[in-house]
Amino acid sequence: MGESVNTAEGGAGKHAERLYVPWWGWPLPLLGGGLLAAEIDMGYPGLRGWLPYVVLIPAVIALMISLGRSRVRVTGGAEPELWLRDAHLPLKFAGDVEVIGKEDKRKALGRDADPAAFVLHRGWVGPVVRVWLTDPDDPTPYWLFSTRHPEKVAALLRQPASMA
């Protein structure tokens with residue numbers, strides 16, 4: 001997506017991306033849906049044999065599209081915010097920002113993770129960014145999210161005053 005994006009939340013956006021499923025993630029689920037439909041068809045032959053194909057293949061397509069609906073946005077304006085799906089964080093509450101490479105992502109999501117953290121993880125996206133929160137009233141210690149442009153997002157989150 002472009003550098004200057006207007007968002008519904010107001011203000012010009014500094015960064016926006018959609019965490020869509022890449023092309024190589026589609027064939028295996030579609031094949032699995034087709035094989036499951038064929039297995040049902042073999043178990044119940046006859047006129048209704050087409051029904052599993054009509055139901056399962058569109059269901060798999062809908063699932064794959066829904067997996068790619070997650071968005072990461074950093075808005076500008078008077079009060080810049082980080083948006084992950086429908087959740088938003090005013091950048092005045094963003095503390096330290098870390099870029100975690102795909103090699104260390106397993107630890108950050110596993111044994112080193114805090115159960116109270118807000119996580120938006122997509123396995124097909126390599127790096128993640130962790131934003132520690134400074135809001136004393138928020139029980140969430142940090143936000144951890146996948147992004148294809150971690151350095152750019154981290155730079156925008158580290159300098160919210162220059163975004164206006």
# chains A, B, ... in the order shown; residues from 1 in each chain; ligands from 1
call {"tool": "closest_atom_pairs", "arguments": {"of": "segment 63-164 of chain A", "to": "segment 28-35 of chain A", "cutoff": "12 Å", "atoms": "only C-alpha atoms", "output": "JSON lines"}}
result
{"residue": "A:Leu63", "atom": "CA", "partner": "A:Pro29", "partner_atom": "CA", "distance": 9.5}
{"residue": "A:Met64", "atom": "CA", "partner": "A:Pro29", "partner_atom": "CA", "distance": 8.3}
{"residue": "A:Ile65", "atom": "CA", "partner": "A:Pro29", "partner_atom": "CA", "distance": 11.9}
call {"tool": "residues_around", "arguments": {"residues": "Glu17 of chain A", "least_positions_apart": "3", "cutoff": "8 Å", "atoms": "only C-alpha atoms", "output": "list of chain:residue names"}}
result
A:Met1, A:Arg71, A:Val72, A:Arg73, A:Thr147
call {"tool": "residues_around", "arguments": {"residues": "segment 83-97 of chain A", "least_positions_apart": "2", "cutoff": "9 Å", "atoms": "only C-alpha atoms", "output": "PyMOL selection string"}}
result
chain A and resi 69-75+79-81+99+120+129-135+142+145+154-155+157-161
call {"tool": "residues_around", "arguments": {"residues": "Arg106 of chain A", "least_positions_apart": "6", "cutoff": "12 Å", "atoms": "only C-alpha atoms", "output": "ChimeraX atom specification"}}
result
/A:100,112-113,121,123,126-128
call {"tool": "write_last_selection", "arguments": {"atoms": "N, CA and C atoms", "output": "PDB file, in the first residue's frame"}}
result
ATOM      1  N   ILE A 100      11.434  -8.212  16.062  1.00  0.00           N
ATOM      2  CA  ILE A 100      11.836  -9.587  16.353  1.00  0.00           C
ATOM      3  C   ILE A 100      11.843 -10.346  15.032  1.00  0.00           C
ATOM      4  N   ASP A 112       8.578 -17.152  26.123  1.00  0.00           N
ATOM      5  CA  ASP A 112       8.808 -15.793  26.624  1.00  0.00           C
ATOM      6  C   ASP A 112       7.558 -14.919  26.551  1.00  0.00           C
ATOM      7  N   ALA A 113       6.445 -15.475  26.114  1.00  0.00           N
ATOM      8  CA  ALA A 113       5.234 -14.682  25.922  1.00  0.00           C
ATOM      9  C   ALA A 113       4.501 -14.445  27.237  1.00  0.00           C
ATOM     10  N   HIS A 121      -0.834 -12.553  15.131  1.00  0.00           N
ATOM     11  CA  HIS A 121       0.237 -13.308  14.480  1.00  0.00           C
ATOM     12  C   HIS A 121      -0.287 -14.002  13.237  1.00  0.00           C
ATOM     13  N   GLY A 123       1.342 -16.721  10.582  1.00  0.00           N
ATOM     14  CA  GLY A 123       2.503 -17.591  10.404  1.00  0.00           C
ATOM     15  C   GLY A 123       3.229 -17.410   9.093  1.00  0.00           C
ATOM     16  N   GLY A 126       7.043 -13.397   8.209  1.00  0.00           N
ATOM     17  CA  GLY A 126       8.222 -13.715   9.007  1.00  0.00           C
ATOM     18  C   GLY A 126       8.412 -12.918  10.292  1.00  0.00           C
ATOM     19  N   PRO A 127       8.695 -11.628  10.207  1.00  0.00           N
ATOM     20  CA  PRO A 127       9.026 -10.865  11.415  1.00  0.00           C
ATOM     21  C   PRO A 127       7.795 -10.382  12.182  1.00  0.00           C
ATOM     22  N   VAL A 128       8.021 -10.066  13.463  1.00  0.00           N
ATOM     23  CA  VAL A 128       6.986  -9.467  14.299  1.00  0.00           C
ATOM     24  C   VAL A 128       7.567  -8.230  14.981  1.00  0.00           C
TER      25      VAL A 128
END
call {"tool": "select_by_dssp", "arguments": {"residues": "segment 29-132 of chain A", "states": "strand (DSSP E or B)", "output": "PyMOL selection string"}}
result
chain A and resi 71-75+81-84+87-90+94-100+118-120+128-132
call {"tool": "select_by_dssp", "arguments": {"residues": "segment 18-152 of chain A", "states": "alpha helix (DSSP H)", "output": "number ranges by chain"}}
result
A: 27-43, 51-67, 105-109, 150-152
call {"tool": "decode", "arguments": {"residues": "segment 48-59 of chain A", "atoms": "N, CA, C and O atoms", "output": "PDB file, in the first residue's frame"}}
result
ATOM      1  N   ARG A  48     -27.216 -36.139  -4.953  1.00  0.00           N
ATOM      2  CA  ARG A  48     -26.658 -35.141  -4.036  1.00  0.00           C
ATOM      3  C   ARG A  48     -25.124 -35.181  -3.971  1.00  0.00           C
ATOM      4  O   ARG A  48     -24.523 -34.573  -3.108  1.00  0.00           O
ATOM      5  N   GLY A  49     -24.488 -35.899  -4.879  1.00  0.00           N
ATOM      6  CA  GLY A  49     -23.039 -36.017  -4.896  1.00  0.00           C
ATOM      7  C   GLY A  49     -22.321 -34.698  -5.168  1.00  0.00           C
ATOM      8  O   GLY A  49     -21.179 -34.507  -4.760  1.00  0.00           O
ATOM      9  N   TRP A  50     -22.958 -33.766  -5.831  1.00  0.00           N
ATOM     10  CA  TRP A  50     -22.353 -32.465  -6.126  1.00  0.00           C
ATOM     11  C   TRP A  50     -22.365 -31.539  -4.918  1.00  0.00           C
ATOM     12  O   TRP A  50     -21.615 -30.573  -4.857  1.00  0.00           O
ATOM     13  N   LEU A  51     -23.224 -31.820  -3.944  1.00  0.00           N
ATOM     14  CA  LEU A  51     -23.405 -30.918  -2.808  1.00  0.00           C
ATOM     15  C   LEU A  51     -22.122 -30.659  -2.003  1.00  0.00           C
ATOM     16  O   LEU A  51     -21.840 -29.504  -1.666  1.00  0.00           O
ATOM     17  N   PRO A  52     -21.300 -31.672  -1.692  1.00  0.00           N
ATOM     18  CA  PRO A  52     -20.085 -31.382  -0.926  1.00  0.00           C
ATOM     19  C   PRO A  52     -19.129 -30.424  -1.658  1.00  0.00           C
ATOM     20  O   PRO A  52     -18.475 -29.598  -1.028  1.00  0.00           O
ATOM     21  N   TYR A  53     -19.084 -30.519  -2.981  1.00  0.00           N
ATOM     22  CA  TYR A  53     -18.208 -29.635  -3.741  1.00  0.00           C
ATOM     23  C   TYR A  53     -18.713 -28.199  -3.682  1.00  0.00           C
ATOM     24  O   TYR A  53     -17.934 -27.255  -3.544  1.00  0.00           O
ATOM     25  N   VAL A  54     -20.018 -28.040  -3.794  1.00  0.00           N
ATOM     26  CA  VAL A  54     -20.623 -26.704  -3.778  1.00  0.00           C
ATOM     27  C   VAL A  54     -20.493 -26.068  -2.402  1.00  0.00           C
ATOM     28  O   VAL A  54     -20.394 -24.842  -2.291  1.00  0.00           O
ATOM     29  N   VAL A  55     -20.466 -26.872  -1.352  1.00  0.00           N
ATOM     30  CA  VAL A  55     -20.370 -26.333   0.004  1.00  0.00           C
ATOM     31  C   VAL A  55     -18.913 -26.164   0.441  1.00  0.00           C
ATOM     32  O   VAL A  55     -18.518 -25.104   0.944  1.00  0.00           O
ATOM     33  N   LEU A  56     -18.083 -27.192   0.270  1.00  0.00           N
ATOM     34  CA  LEU A  56     -16.739 -27.181   0.838  1.00  0.00           C
ATOM     35  C   LEU A  56     -15.751 -26.265   0.106  1.00  0.00           C
ATOM     36  O   LEU A  56     -14.957 -25.586   0.756  1.00  0.00           O
ATOM     37  N   ILE A  57     -15.757 -26.259  -1.207  1.00  0.00           N
ATOM     38  CA  ILE A  57     -14.797 -25.420  -1.935  1.00  0.00           C
ATOM     39  C   ILE A  57     -15.037 -23.938  -1.645  1.00  0.00           C
ATOM     40  O   ILE A  57     -14.096 -23.216  -1.290  1.00  0.00           O
ATOM     41  N   PRO A  58     -16.272 -23.422  -1.724  1.00  0.00           N
ATOM     42  CA  PRO A  58     -16.481 -22.019  -1.329  1.00  0.00           C
ATOM     43  C   PRO A  58     -16.170 -21.758   0.149  1.00  0.00           C
ATOM     44  O   PRO A  58     -15.710 -20.667   0.504  1.00  0.00           O
ATOM     45  N   ALA A  59     -16.404 -22.756   1.014  1.00  0.00           N
ATOM     46  CA  ALA A  59     -16.083 -22.579   2.434  1.00  0.00           C
ATOM     47  C   ALA A  59     -14.580 -22.418   2.632  1.00  0.00           C
ATOM     48  O   ALA A  59     -14.133 -21.577   3.427  1.00  0.00           O
TER      49      ALA A  59
END
